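A.B. asks: Contents of structure.txt (compact mmCIF, C-alpha atoms and all ligand atoms):
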# COMPACT_ATOMS: atom_id res chain seq x y z
CA MET B 237 5.93 -5.86 1.03
CA THR B 238 6.04 -8.60 -1.60
CA TYR B 239 3.55 -10.66 0.38
CA ILE B 240 1.15 -7.71 0.65
CA LYS B 241 1.50 -7.00 -3.07
CA LYS B 242 0.66 -10.60 -3.89
CA ALA B 243 -2.48 -10.58 -1.76
CA VAL B 244 -3.62 -7.29 -3.32
CA ARG B 245 -2.96 -8.54 -6.85
CA HIS B 246 -4.72 -11.81 -6.24
CA ARG B 247 -7.90 -10.29 -4.79
CA ALA B 248 -7.90 -7.51 -7.38
CA ARG B 249 -7.73 -9.98 -10.26
CA GLN B 250 -10.50 -12.11 -8.77
CA ALA B 251 -12.73 -9.05 -8.77
CA GLY B 252 -11.89 -7.84 -12.29
CA TYR B 253 -9.57 -4.94 -11.45
CA LYS B 254 -6.80 -4.13 -13.91
CA ARG B 255 -3.38 -2.81 -12.93
CA ILE B 256 -2.49 0.80 -13.62
CA ASP B 257 0.82 2.60 -13.07
CA THR B 258 0.88 6.36 -13.18
CA PRO B 259 3.94 8.65 -13.04
CA MET B 260 5.52 9.51 -9.72
CA PHE B 261 4.89 13.21 -10.37
CA GLU B 262 2.13 15.18 -12.04
CA ASN B 263 1.17 18.71 -12.79
CA ARG B 264 0.58 20.17 -9.33
CA ALA B 265 -2.89 21.38 -10.32
CA ILE B 266 -4.08 17.75 -10.51
CA PHE B 267 -3.57 17.43 -6.77
CA GLU B 268 -4.57 20.97 -5.84
CA ARG B 269 -7.86 20.81 -7.71
CA GLY B 270 -8.71 17.26 -6.74
CA ILE B 271 -7.59 16.87 -3.15
CA GLY B 272 -8.35 20.50 -2.30
CA GLU B 273 -6.32 23.68 -1.76
CA HIS B 274 -7.09 23.86 1.95
CA THR B 275 -6.39 20.28 2.90
CA ASP B 276 -3.31 19.34 4.94
CA ILE B 277 -2.02 17.28 2.04
CA VAL B 278 -1.97 20.18 -0.42
CA GLU B 279 -1.33 23.04 1.99
CA LYS B 280 1.56 21.47 3.88
CA GLU B 281 2.59 18.12 2.50
CA LEU B 282 3.16 18.43 -1.26
CA PHE B 283 6.74 17.99 -2.42
CA MET B 284 7.30 20.33 -5.36
CA VAL B 285 9.46 19.30 -8.29
CA ASN B 286 11.67 21.95 -9.87
CA SER B 287 14.01 21.78 -12.80
CA LYS B 288 17.43 23.32 -12.31
CA GLN B 289 16.86 25.94 -15.03
CA LYS B 290 13.58 27.08 -13.55
CA SER B 291 14.38 26.79 -9.86
CA ASP B 292 13.31 30.38 -9.13
CA GLU B 293 9.90 29.96 -10.78
CA LYS B 294 6.83 28.49 -9.13
CA SER B 295 7.01 24.70 -9.52
CA GLU B 296 4.83 23.22 -12.18
CA PHE B 297 4.96 19.68 -10.82
CA ALA B 298 4.55 17.88 -7.52
CA LEU B 299 5.36 14.37 -6.30
CA ARG B 300 2.16 12.38 -5.93
CA PRO B 301 0.81 12.34 -2.36
CA GLU B 302 -1.71 9.62 -3.29
CA LEU B 303 -2.83 7.70 -6.37
CA THR B 304 -6.51 8.59 -6.89
CA ALA B 305 -6.13 11.99 -8.57
CA SER B 306 -3.51 10.64 -11.00
CA ILE B 307 -5.65 7.62 -11.86
CA CYS B 308 -8.61 9.91 -12.63
CA ARG B 309 -6.38 12.17 -14.73
CA SER B 310 -5.39 9.07 -16.65
CA TYR B 311 -9.02 7.91 -17.00
CA ILE B 312 -9.89 11.23 -18.67
CA GLU B 313 -6.73 11.51 -20.77
CA HIS B 314 -6.96 7.98 -22.18
CA GLY B 315 -10.69 8.07 -22.92
CA MET B 316 -11.52 5.28 -20.48
CA GLN B 317 -15.14 6.44 -20.47
CA GLN B 318 -15.38 4.56 -23.80
CA LEU B 319 -14.72 1.26 -21.98
CA PRO B 320 -17.51 -0.78 -20.39
CA GLN B 321 -18.31 0.90 -17.04
CA PRO B 322 -17.39 0.68 -14.29
CA VAL B 323 -13.66 0.67 -14.97
CA GLU B 324 -11.97 -1.08 -12.07
CA LEU B 325 -8.33 -0.27 -11.54
CA TYR B 326 -5.73 -1.07 -8.91
CA ALA B 327 -2.30 0.41 -8.30
CA ILE B 328 0.61 -0.20 -5.95
CA GLY B 329 3.44 2.28 -5.50
CA PRO B 330 5.29 4.97 -3.58
CA CYS B 331 3.62 8.23 -2.54
CA PHE B 332 5.18 11.31 -0.94
CA ARG B 333 3.95 13.65 1.80
CA HIS B 334 6.13 16.24 3.46
CA ASP B 335 5.60 15.90 7.17
CA ARG B 336 7.63 15.34 10.31
CA PRO B 337 8.47 11.62 10.08
CA GLN B 338 7.23 9.60 13.05
CA LYS B 339 5.96 6.09 13.69
CA GLY B 340 3.61 5.14 10.87
CA ARG B 341 4.13 8.45 9.06
CA TYR B 342 6.85 8.69 6.45
CA ARG B 343 7.77 11.14 3.73
CA GLN B 344 7.93 8.31 1.24
CA PHE B 345 5.48 5.51 1.85
CA HIS B 346 3.60 2.98 -0.28
CA GLN B 347 -0.06 2.58 -1.04
CA TYR B 348 -2.14 -0.20 -2.54
CA ASP B 349 -5.15 1.35 -4.15
CA PHE B 350 -8.46 0.20 -5.65
CA GLU B 351 -10.73 2.40 -7.74
CA ILE B 352 -14.16 1.71 -9.31
CA ILE B 353 -14.93 4.46 -11.81
CA GLY B 354 -18.00 5.18 -13.93
CA LEU B 355 -20.98 3.89 -11.98
CA ARG B 356 -22.76 4.83 -8.79
CA ASP B 357 -24.54 2.13 -6.88
CA PRO B 358 -24.46 1.13 -3.20
CA SER B 359 -23.57 -2.43 -4.23
CA LEU B 360 -20.24 -1.15 -5.57
CA ASP B 361 -19.46 0.51 -2.23
CA ALA B 362 -20.14 -2.82 -0.52
CA GLN B 363 -18.17 -4.82 -3.10
CA LEU B 364 -15.15 -2.54 -2.74
CA ILE B 365 -15.19 -2.89 1.04
CA HIS B 366 -15.47 -6.65 0.60
CA VAL B 367 -12.37 -6.83 -1.63
CA VAL B 368 -10.38 -4.77 0.89
CA ARG B 369 -11.61 -7.02 3.66
CA MET B 370 -10.45 -10.13 1.78
CA VAL B 371 -6.96 -8.65 1.45
CA LEU B 372 -6.79 -7.80 5.16
CA ASP B 373 -8.05 -11.28 5.97
CA ASP B 374 -5.42 -12.90 3.71
CA LEU B 375 -2.78 -10.90 5.60
CA LYS B 376 -4.19 -12.18 8.93
CA ILE B 377 -4.79 -8.73 10.41
CA LEU B 378 -8.54 -8.32 9.94
CA SER B 379 -9.31 -9.20 13.57
CA ARG B 380 -7.03 -6.36 14.76
CA LEU B 381 -8.95 -3.74 12.76
CA ARG B 382 -12.28 -1.98 12.90
CA LEU B 383 -14.17 -0.71 9.89
CA GLN B 384 -15.40 2.86 10.47
CA ILE B 385 -18.05 4.11 8.07
CA ASN B 386 -20.02 7.29 7.54
CA ASN B 387 -22.01 9.11 4.87
CA ILE B 388 -21.07 12.76 4.40
CA GLY B 389 -23.89 13.53 1.94
CA THR B 390 -23.70 15.69 -1.17
CA ALA B 391 -21.66 18.85 -1.64
CA GLU B 392 -24.88 20.91 -1.12
CA ASN B 393 -25.60 19.11 2.15
CA ARG B 394 -22.12 19.93 3.35
CA VAL B 395 -22.36 23.61 2.34
CA ALA B 396 -25.48 23.94 4.49
CA TYR B 397 -23.85 22.07 7.35
CA ILE B 398 -20.67 24.14 7.17
CA GLU B 399 -22.76 27.31 7.44
CA ALA B 400 -24.48 25.93 10.53
CA LEU B 401 -21.13 24.90 12.01
CA LYS B 402 -19.65 28.36 11.41
CA ASP B 403 -22.73 29.98 12.98
CA PHE B 404 -22.37 27.74 15.98
CA PHE B 405 -18.75 28.79 16.51
CA VAL B 406 -19.46 32.53 16.25
CA GLY B 407 -18.24 33.98 19.55
CA LYS B 408 -16.61 30.68 20.52
CA GLU B 409 -13.53 30.96 18.28
CA ARG B 410 -11.28 32.01 21.12
CA ASN B 411 -11.87 28.70 22.88
CA LEU B 412 -10.50 26.80 19.91
CA PRO B 413 -6.81 25.88 19.64
CA GLU B 414 -4.96 27.99 17.07
CA LEU B 415 -4.87 25.34 14.33
CA ASP B 416 -8.61 24.72 14.61
CA GLN B 417 -9.36 28.46 14.55
CA LYS B 418 -7.59 28.50 11.20
CA ARG B 419 -9.47 25.43 10.01
CA LEU B 420 -12.76 27.07 10.88
CA GLY B 421 -11.91 29.68 8.24
CA THR B 422 -10.53 27.37 5.56
CA ASN B 423 -11.94 23.85 6.00
CA PRO B 424 -14.43 23.71 8.90
CA LEU B 425 -15.30 20.03 8.37
CA ARG B 426 -11.80 19.14 9.55
CA LEU B 427 -12.84 20.27 13.03
CA LEU B 428 -14.91 17.11 13.32
CA ASP B 429 -11.94 14.77 13.35
CA SER B 430 -9.69 17.22 15.22
CA LYS B 431 -7.48 15.54 17.80
CA GLU B 432 -7.80 18.59 20.12
CA GLU B 433 -9.73 17.94 23.29
CA ASP B 434 -11.09 21.53 23.55
CA THR B 435 -12.50 21.27 20.05
CA GLN B 436 -14.10 17.92 20.74
CA ILE B 437 -15.79 19.26 23.90
CA LEU B 438 -17.29 22.20 21.98
CA LEU B 439 -18.42 19.91 19.19
CA LYS B 440 -20.58 17.89 21.57
CA SER B 441 -23.23 20.60 21.47
CA ALA B 442 -22.63 21.62 17.82
CA PRO B 443 -25.05 20.68 15.01
CA LYS B 444 -24.43 17.22 13.55
CA LEU B 445 -23.72 16.50 9.89
CA ASP B 446 -26.31 13.74 9.63
CA GLN B 447 -29.09 16.27 10.38
CA PHE B 448 -28.19 17.94 7.08
CA LEU B 449 -28.20 14.88 4.84
CA ASP B 450 -30.88 14.70 2.16
CA ASP B 451 -33.20 11.70 1.92
CA GLU B 452 -31.33 10.20 -1.00
CA SER B 453 -28.06 10.17 0.93
CA ARG B 454 -29.74 8.60 3.96
CA GLU B 455 -31.28 5.93 1.80
CA TYR B 456 -27.99 5.32 -0.01
CA HIS B 457 -26.22 4.88 3.31
CA ALA B 458 -28.85 2.51 4.67
CA THR B 459 -28.58 0.36 1.54
CA VAL B 460 -24.77 0.20 1.77
CA LEU B 461 -25.04 -0.89 5.42
CA ASP B 462 -27.68 -3.46 4.51
CA TYR B 463 -25.42 -4.93 1.81
CA LEU B 464 -22.48 -5.03 4.24
CA GLU B 465 -24.62 -6.94 6.70
CA GLY B 466 -25.62 -9.32 3.92
CA LEU B 467 -21.94 -9.97 3.26
CA GLY B 468 -21.29 -10.54 6.97
CA ILE B 469 -19.06 -7.46 7.24
CA LYS B 470 -18.91 -5.85 10.68
CA TYR B 471 -18.74 -2.05 10.78
CA GLU B 472 -18.97 0.84 13.21
CA GLU B 473 -20.93 3.91 12.17
CA ASN B 474 -18.80 6.95 12.91
CA GLU B 475 -20.46 10.34 12.48
CA THR B 476 -17.18 12.22 12.99
CA LEU B 477 -15.42 10.47 10.12
CA VAL B 478 -15.09 13.06 7.31
CA ARG B 479 -11.66 12.21 5.77
CA GLY B 480 -9.04 14.80 4.93
CA LEU B 481 -9.54 15.15 1.19
CA ASP B 482 -12.06 17.45 -0.53
CA TYR B 483 -13.20 15.12 -3.28
CA TYR B 484 -15.44 12.88 -1.20
CA THR B 485 -19.25 12.64 -1.23
CA GLN B 486 -21.55 10.10 0.39
CA THR B 487 -19.79 6.98 1.66
CA VAL B 488 -16.46 7.37 3.48
CA PHE B 489 -14.70 4.63 5.44
CA GLU B 490 -11.45 3.77 7.18
CA TYR B 491 -9.87 0.73 8.77
CA TRP B 492 -8.62 1.57 12.27
CA ASP B 493 -6.42 -0.30 14.67
CA GLU B 494 -8.73 -1.59 17.40
CA ASN B 495 -6.58 0.06 20.09
CA THR B 496 -5.17 3.26 18.63
CA GLY B 497 -8.18 4.24 16.50
CA ALA B 498 -7.88 7.18 14.14
CA GLN B 499 -4.15 7.47 14.78
CA ASN B 500 -2.43 5.54 12.04
CA ALA B 501 -5.46 4.28 10.13
CA ILE B 502 -4.22 1.47 7.96
CA GLY B 503 -6.32 2.60 5.04
CA GLY B 504 -9.22 4.72 3.99
CA GLY B 505 -11.42 5.62 1.09
CA GLY B 506 -14.80 6.67 -0.09
CA ARG B 507 -17.02 7.80 -2.91
CA TYR B 508 -15.68 10.74 -4.91
CA ASP B 509 -18.34 11.48 -7.52
CA PRO B 510 -17.22 15.11 -8.22
CA LEU B 511 -13.50 14.45 -8.78
CA ILE B 512 -13.39 13.59 -12.48
CA GLU B 513 -15.45 16.67 -13.34
CA MET B 514 -13.17 18.79 -11.12
CA LEU B 515 -10.26 17.54 -13.22
CA GLY B 516 -11.95 18.53 -16.47
CA GLY B 517 -13.74 15.30 -17.42
CA LYS B 518 -17.44 14.52 -17.79
CA GLU B 519 -19.48 13.93 -14.66
CA THR B 520 -18.38 10.43 -13.60
CA PRO B 521 -19.15 8.79 -10.26
CA ALA B 522 -16.45 6.73 -8.55
CA ILE B 523 -15.36 5.10 -5.31
CA GLY B 524 -12.00 3.87 -4.07
CA PHE B 525 -9.74 2.87 -1.22
CA ALA B 526 -6.04 3.10 -0.42
CA GLY B 527 -4.14 1.13 2.21
CA GLY B 528 -0.76 2.12 3.63
CA MET B 529 1.72 -0.68 3.08
CA GLU B 530 4.09 0.25 5.92
CA ARG B 531 1.20 0.39 8.37
CA THR B 532 -0.16 -2.89 7.00
CA ALA B 533 3.26 -4.53 7.44
CA TRP B 534 3.44 -3.14 10.99
CA GLN B 535 0.08 -4.73 11.80
CA MET B 536 1.31 -8.03 10.40
CA LYS B 537 4.38 -7.87 12.63
CA GLN B 538 2.22 -7.08 15.67
CA ALA B 539 0.00 -10.04 14.80
CA GLY B 540 3.07 -12.30 14.59
CA VAL B 541 2.45 -13.03 10.92
CA MET B 542 5.66 -14.23 9.31
CA PRO B 543 5.70 -14.38 5.53
CA PRO B 544 7.89 -17.28 4.36
CA ASP B 545 11.60 -16.44 4.04
CA LYS B 546 12.24 -16.96 0.37
CA ASP B 547 15.80 -15.67 0.52
CA GLN B 548 17.31 -18.61 2.42
CA MET B 549 20.71 -19.66 1.00
CA ASP B 550 20.91 -23.33 0.12
CA VAL B 551 24.49 -23.71 -1.01
CA PHE B 552 27.77 -21.87 -0.62
CA VAL B 553 30.47 -22.92 -3.09
CA ALA B 554 34.00 -22.47 -1.72
CA GLN B 555 37.04 -22.90 -3.93
CA LEU B 556 40.80 -22.68 -3.88
CA GLY B 557 43.06 -22.14 -6.89
CA PRO B 558 42.37 -20.75 -10.36
CA GLU B 559 41.35 -24.06 -11.89
CA ALA B 560 38.88 -24.78 -9.07
CA LYS B 561 37.42 -21.28 -9.37
CA ARG B 562 36.84 -21.70 -13.07
CA THR B 563 35.15 -25.08 -12.56
CA CYS B 564 32.99 -23.64 -9.79
CA LEU B 565 31.47 -20.98 -12.00
CA ASP B 566 29.91 -23.71 -14.11
CA LEU B 567 28.73 -25.60 -11.02
CA ILE B 568 27.16 -22.45 -9.55
CA ALA B 569 25.36 -21.70 -12.82
CA LYS B 570 23.99 -25.27 -12.98
CA LEU B 571 22.77 -25.24 -9.38
CA ARG B 572 21.03 -21.89 -9.83
CA ASN B 573 19.43 -23.06 -13.02
CA LYS B 574 17.93 -26.04 -11.20
CA GLY B 575 16.42 -23.70 -8.61
CA VAL B 576 19.03 -24.02 -5.85
CA HIS B 577 19.83 -20.71 -4.11
CA THR B 578 23.59 -20.59 -4.53
CA ILE B 579 26.39 -18.13 -3.87
CA GLY B 580 30.14 -18.67 -4.09
CA ALA B 581 33.42 -18.07 -5.86
CA LEU B 582 33.42 -14.73 -4.10
CA GLY B 583 37.14 -14.02 -3.90
CA GLU B 584 40.61 -15.24 -3.09
CA ALA B 585 40.17 -15.87 0.65
CA SER B 586 41.48 -19.00 2.39
CA LEU B 587 39.21 -22.03 2.61
CA LYS B 588 38.83 -21.43 6.32
CA SER B 589 37.55 -17.89 5.92
CA GLN B 590 35.28 -18.97 3.07
CA MET B 591 33.75 -21.54 5.43
CA ARG B 592 33.19 -18.81 7.98
CA LEU B 593 31.44 -16.78 5.29
CA ALA B 594 29.25 -19.76 4.38
CA ASP B 595 28.19 -19.83 8.01
CA LYS B 596 27.41 -16.12 8.05
CA PHE B 597 25.34 -16.41 4.89
CA ASN B 598 23.42 -19.13 6.69
CA ALA B 599 23.92 -21.63 3.87
CA LYS B 600 22.56 -25.12 4.49
CA TYR B 601 25.35 -26.83 2.56
CA THR B 602 28.82 -25.96 1.39
CA LEU B 603 30.54 -27.47 -1.64
CA LEU B 604 34.34 -27.29 -1.41
CA LEU B 605 36.62 -27.55 -4.36
CA GLY B 606 40.43 -27.34 -4.09
CA GLN B 607 43.18 -28.11 -6.59
CA VAL B 608 43.40 -31.75 -5.40
CA GLU B 609 39.65 -32.29 -5.78
CA VAL B 610 39.71 -30.87 -9.30
CA LYS B 611 42.45 -33.33 -10.26
CA GLU B 612 40.61 -36.28 -8.68
CA GLY B 613 37.21 -35.30 -10.13
CA VAL B 614 35.60 -35.08 -6.68
CA ILE B 615 34.11 -32.36 -4.46
CA ILE B 616 33.58 -32.07 -0.69
CA LEU B 617 29.98 -31.70 0.48
CA ARG B 618 29.51 -30.27 3.96
CA ASP B 619 26.25 -30.24 5.89
CA MET B 620 26.57 -26.99 7.86
CA ALA B 621 24.07 -27.75 10.62
CA ALA B 622 25.41 -31.27 11.27
CA GLY B 623 29.04 -30.15 10.85
CA LYS B 624 29.76 -33.30 8.78
CA GLN B 625 31.39 -33.60 5.40
CA ARG B 626 32.05 -36.25 2.75
CA LYS B 627 33.66 -36.57 -0.65
CA ILE B 628 31.43 -37.24 -3.65
CA PRO B 629 32.13 -37.45 -7.39
CA TYR B 630 32.06 -33.96 -8.90
CA ASP B 631 29.42 -35.03 -11.45
CA LYS B 632 27.05 -36.05 -8.65
CA ALA B 633 27.18 -32.68 -6.87
CA VAL B 634 24.03 -31.20 -8.49
CA PRO B 635 21.76 -34.28 -8.14
CA GLU B 636 22.99 -34.88 -4.57
CA ILE B 637 22.18 -31.31 -3.51
CA ILE B 638 18.75 -31.50 -5.15
CA LYS B 639 18.07 -34.74 -3.24
CA LEU B 640 19.06 -33.12 0.05
CA ILE B 641 17.03 -29.96 -0.47
CA GLY B 642 14.02 -31.75 -1.89
CA GLN B 643 12.55 -31.29 -5.34
CA LYS B 644 9.57 -29.35 -3.96
CA ASN B 645 11.79 -26.74 -2.34
CA LEU B 646 13.56 -25.79 -5.54
CA ASP B 647 13.04 -22.21 -6.65
CA THR B 648 12.51 -22.65 -10.34
CA TYR B 649 11.60 -19.63 -12.41
CA THR B 650 9.40 -20.35 -15.36
CA ILE B 651 7.35 -17.89 -17.33
CA LYS B 652 4.03 -19.67 -17.39
CA ASP B 653 2.37 -17.28 -19.77
CA HIS B 654 3.23 -17.47 -23.42
CA LEU B 655 4.15 -14.28 -25.14
CA GLY B 656 1.87 -14.29 -28.15
CA GLU B 657 1.95 -17.28 -30.47
P1 LIG E 1 -5.45 8.64 2.77
O1 LIG E 1 -6.32 8.35 3.96
O2 LIG E 1 -4.87 9.98 2.68
O3 LIG E 1 -6.35 8.32 1.52
O4 LIG E 1 -4.28 7.58 2.71
C1 LIG E 1 -4.55 6.19 2.71
C2 LIG E 1 -3.59 5.47 3.63
O5 LIG E 1 -2.23 5.73 3.26
C3 LIG E 1 -3.65 5.90 5.09
O6 LIG E 1 -4.72 5.30 5.76
C4 LIG E 1 -2.31 5.41 5.60
O7 LIG E 1 -2.35 4.03 5.90
C5 LIG E 1 -1.41 5.63 4.41
N1 LIG E 1 -0.64 6.87 4.60
C6 LIG E 1 -1.01 8.13 4.35
N2 LIG E 1 -0.03 9.01 4.64
C7 LIG E 1 1.02 8.27 5.09
C8 LIG E 1 2.35 8.59 5.55
N3 LIG E 1 2.82 9.84 5.57
N4 LIG E 1 3.13 7.55 5.95
C9 LIG E 1 2.68 6.28 5.92
N5 LIG E 1 1.45 5.93 5.49
C10 LIG E 1 0.62 6.91 5.08
C11 LIG E 1 -5.92 8.47 0.22
O8 LIG E 1 -4.77 8.61 -0.10
C12 LIG E 1 -7.04 8.34 -0.80
N6 LIG E 1 -6.43 8.50 -2.14
C13 LIG E 1 -7.74 7.02 -0.68
C14 LIG E 1 -8.78 6.81 -1.74
C15 LIG E 1 -8.65 6.05 -2.85
N7 LIG E 1 -9.96 7.39 -1.80
C16 LIG E 1 -10.59 7.03 -2.91
N8 LIG E 1 -9.79 6.22 -3.57
I'd like the structure from this file rewritten - as structure tokens, please.
Ligand code: HAM
C.D. replies:
Amino acid sequence: MTYIKKAVRHRARQAGYKRIDTPMFENRAIFERGIGEHTDIVEKELFMVNSKQKSDEKSEFALRPELTASICRSYIEHGMQQLPQPVELYAIGPCFRHDRPQKGRYRQFHQYDFEIIGLRDPSLDAQLIHVVRMVLDDLKILSRLRLQINNIGTAENRVAYIEALKDFFVGKERNLPELDQKRLGTNPLRLLDSKEEDTQILLKSAPKLDQFLDDESREYHATVLDYLEGLGIKYEENETLVRGLDYYTQTVFEYWDENTGAQNAIGGGGRYDPLIEMLGGKETPAIGFAGGMERTAWQMKQAGVMPPDKDQMDVFVAQLGPEAKRTCLDLIAKLRNKGVHTIGALGEASLKSQMRLADKFNAKYTLLLGQVEVKEGVIILRDMAAGKQRKIPYDKAVPEIIKLIGQKNLDTYTIKDHLGE
């Protein structure tokens, strides 16, 4: 997770995005209005937050199922329209969706999220996709994924299309599975990416969304695709991709696993020009993307990508007797301060069982200090892999360990940035 975060932060900074953190829960209306009352996320997956005093009242708050609606709420509330536009923001954090947990689907999961708010231009759509692509490339999983892209037109285009779709299904409702019959009434567009075979067969002869797009949307889409080609980004046009949230218009896209497809998309996004107005702000175009961190990490594991293990123990300090223990505390502090990963002085166990512990912690070296060694001013240094040990002067313990580990492998923590003057 740390490795993913670093890649996201790095690419975000390169492209001028600033970090934003929003609260874990919001007024439920933010999600209901933005994501849509009849979407799976709002209808079935919102976790409500109740206070103990008001537990019998309708909940006012909900845990965030995603980051976009909260970021837009924040954009409005903090007057970010006064800033130079577009405002580019990124966020990383936990989200919550109530669902039956299964592989790649958790009730608490993490998203990394990019948003470009305040300007509408096909070049921004292409730039956003490019930033996401750089992250996936840094994480060495790009070749396992396929970019799916579609343009779902304006809200008016979709109203006309939905009418045509409903007309088409008149008299055919009974052939639809129960869930899709319900969707036909509440959110007919969701039929397009239904996983039900019967629905998909019927849809083959149904009207297609792209027949209802206006010229501007078509042109917009063609320009986005042209820019993607210019950037050398491969994509697959997917006319059934509609995404499960109501706030989208025009460009929508997802990154799919090349084998499992729509199941467990590793991320998705799109243009959501109406959202800020739906939340009570001025008309403000925007586009964004969110990736699922657990699914990203899973892809990395499948690809055999191993982030470096930064938690390796260098030294275990074993001691016997009160005087030795006291001396060790200082030694441990000095080693840590030099950047050596050190644990020790853990209890009153015998030297033998401390050595066993050192082995279990996978320490490269052990420093042993008993009462005799304290008196003589020496310490025993044991190389755990070689199984060899020698006595060295106590004062040489820190420099000797540093020599063995290598200066470049020390984990020194310095705050590079100065805090003010
Ligand atoms: P979304 O497609 O709902 O889009 O979620 C984005 C990603 O979050 C998914 O592709 C998936 O990787 C991950 N994800 C979603 N639900 C779960 C879950 N239950 N368990 C594990 N991972 C999950 C959005 O959330 C939009 N806000 C994206 C966006 C940003 N659109 C514009 N800006």
A.B. asks: Could you check which of B:Pro413, B:Met370, B:Lys537, B:Ser359 is closest to Leu464 (chain B), using all atoms listed in the file?
C.D. replies: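 Comparing B:Pro413, B:Met370, B:Lys537, B:Ser359 against Leu464 (chain B), the winner is B:Ser359.
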A.B. asks: Have a look at B:Pro443, B:Gly421, B:Val368, B:Ile437 and name the one nearest to Tyr397 (chain B); count only C-alpha atoms.
C.D. replies: B:Pro443
A.B. asks: Mind checking which residues fall within 7 Å of Ile502 (chain B), counting all atoms listed in the file, ignoring those fewer than 4 positions away in the same chain, and posting them as a list in words?
C.D. replies: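 Surrounding residues, per the criterion: Tyr491, Trp492, Gly527, Gly528, Arg531 and Thr532 of chain B.
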A.B. asks: Would you give me, as a Markdown table, each residue of chain B having an atom within 8 Å of an atom of ligand LIG 1 (chain E), along with its shortest atom pair and that distance in Å to one decimal, using all atoms listed in the file and sorting by chain and residue number?
C.D. replies:
| residue | atom | partner | partner_atom | distance |
| --- | --- | --- | --- | --- |
| B:Ile277 | CA | E:LIG1 | O2 | 7.9 |
| B:Pro301 | CA | E:LIG1 | O8 | 7.1 |
| B:Glu302 | CA | E:LIG1 | O8 | 4.5 |
| B:Leu303 | CA | E:LIG1 | N6 | 5.6 |
| B:Thr304 | CA | E:LIG1 | N6 | 4.8 |
| B:Ala305 | CA | E:LIG1 | N6 | 7.3 |
| B:Phe332 | CA | E:LIG1 | N3 | 7.1 |
| B:Arg333 | CA | E:LIG1 | N3 | 5.5 |
| B:His334 | CA | E:LIG1 | N3 | 7.5 |
| B:Asp335 | CA | E:LIG1 | N3 | 6.9 |
| B:Pro337 | CA | E:LIG1 | N3 | 7.4 |
| B:Gly340 | CA | E:LIG1 | C9 | 5.2 |
| B:Arg341 | CA | E:LIG1 | N4 | 3.4 |
| B:Tyr342 | CA | E:LIG1 | N4 | 3.9 |
| B:Arg343 | CA | E:LIG1 | N3 | 5.4 |
| B:Gln344 | CA | E:LIG1 | N4 | 6.8 |
| B:Phe345 | CA | E:LIG1 | C9 | 5.0 |
| B:His346 | CA | E:LIG1 | N5 | 6.8 |
| B:Gln347 | CA | E:LIG1 | O5 | 5.8 |
| B:Asp349 | CA | E:LIG1 | C15 | 6.0 |
| B:Phe350 | CA | E:LIG1 | C15 | 6.5 |
| B:Glu351 | CA | E:LIG1 | N8 | 5.7 |
| B:Arg479 | CA | E:LIG1 | O1 | 6.8 |
| B:Gly480 | CA | E:LIG1 | O2 | 6.8 |
| B:Leu481 | CA | E:LIG1 | O2 | 7.1 |
| B:Tyr484 | CA | E:LIG1 | N7 | 7.8 |
| B:Glu490 | CA | E:LIG1 | O6 | 7.0 |
| B:Tyr491 | CA | E:LIG1 | O6 | 7.5 |
| B:Asn500 | CA | E:LIG1 | O7 | 6.3 |
| B:Ala501 | CA | E:LIG1 | O6 | 4.5 |
| B:Ile502 | CA | E:LIG1 | O7 | 3.8 |
| B:Gly503 | CA | E:LIG1 | O6 | 3.2 |
| B:Gly504 | CA | E:LIG1 | O1 | 4.6 |
| B:Gly505 | CA | E:LIG1 | N7 | 3.7 |
| B:Gly506 | CA | E:LIG1 | C16 | 5.1 |
| B:Arg507 | CA | E:LIG1 | C16 | 6.5 |
| B:Tyr508 | CA | E:LIG1 | C16 | 6.6 |
| B:Ile523 | CA | E:LIG1 | C16 | 5.7 |
| B:Gly524 | CA | E:LIG1 | N8 | 3.3 |
| B:Phe525 | CA | E:LIG1 | C15 | 3.7 |
| B:Ala526 | CA | E:LIG1 | C13 | 4.3 |
| B:Gly527 | CA | E:LIG1 | C2 | 4.6 |
| B:Gly528 | CA | E:LIG1 | O7 | 3.4 |
| B:Met529 | CA | E:LIG1 | O7 | 6.8 |
| B:Glu530 | CA | E:LIG1 | C9 | 6.2 |
| B:Arg531 | CA | E:LIG1 | O7 | 5.7 |
| B:Thr532 | CA | E:LIG1 | O7 | 7.3 |
A.B. asks: Given only C-alpha atoms as the basis, pick out the residue of B:Asp595, B:Asp374, B:Glu281, B:Glu262 nearest to Arg245 (chain B).
C.D. replies: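 Checking each of B:Asp595, B:Asp374, B:Glu281, B:Glu262 against Arg245 (chain B), counting only C-alpha atoms, the winner is B:Asp374.
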A.B. asks: First collect every listed atom of region 469-483 of chain B; then fit an axis-aligned box around them, widen it by 3 Å on each side, and give centre and edge lengths in Å to one decimal, as JSON.
C.D. replies:
{"center_x": -15.0, "center_y": 5.0, "center_z": 5.0, "size_x": 17.9, "size_y": 30.9, "size_z": 22.5}
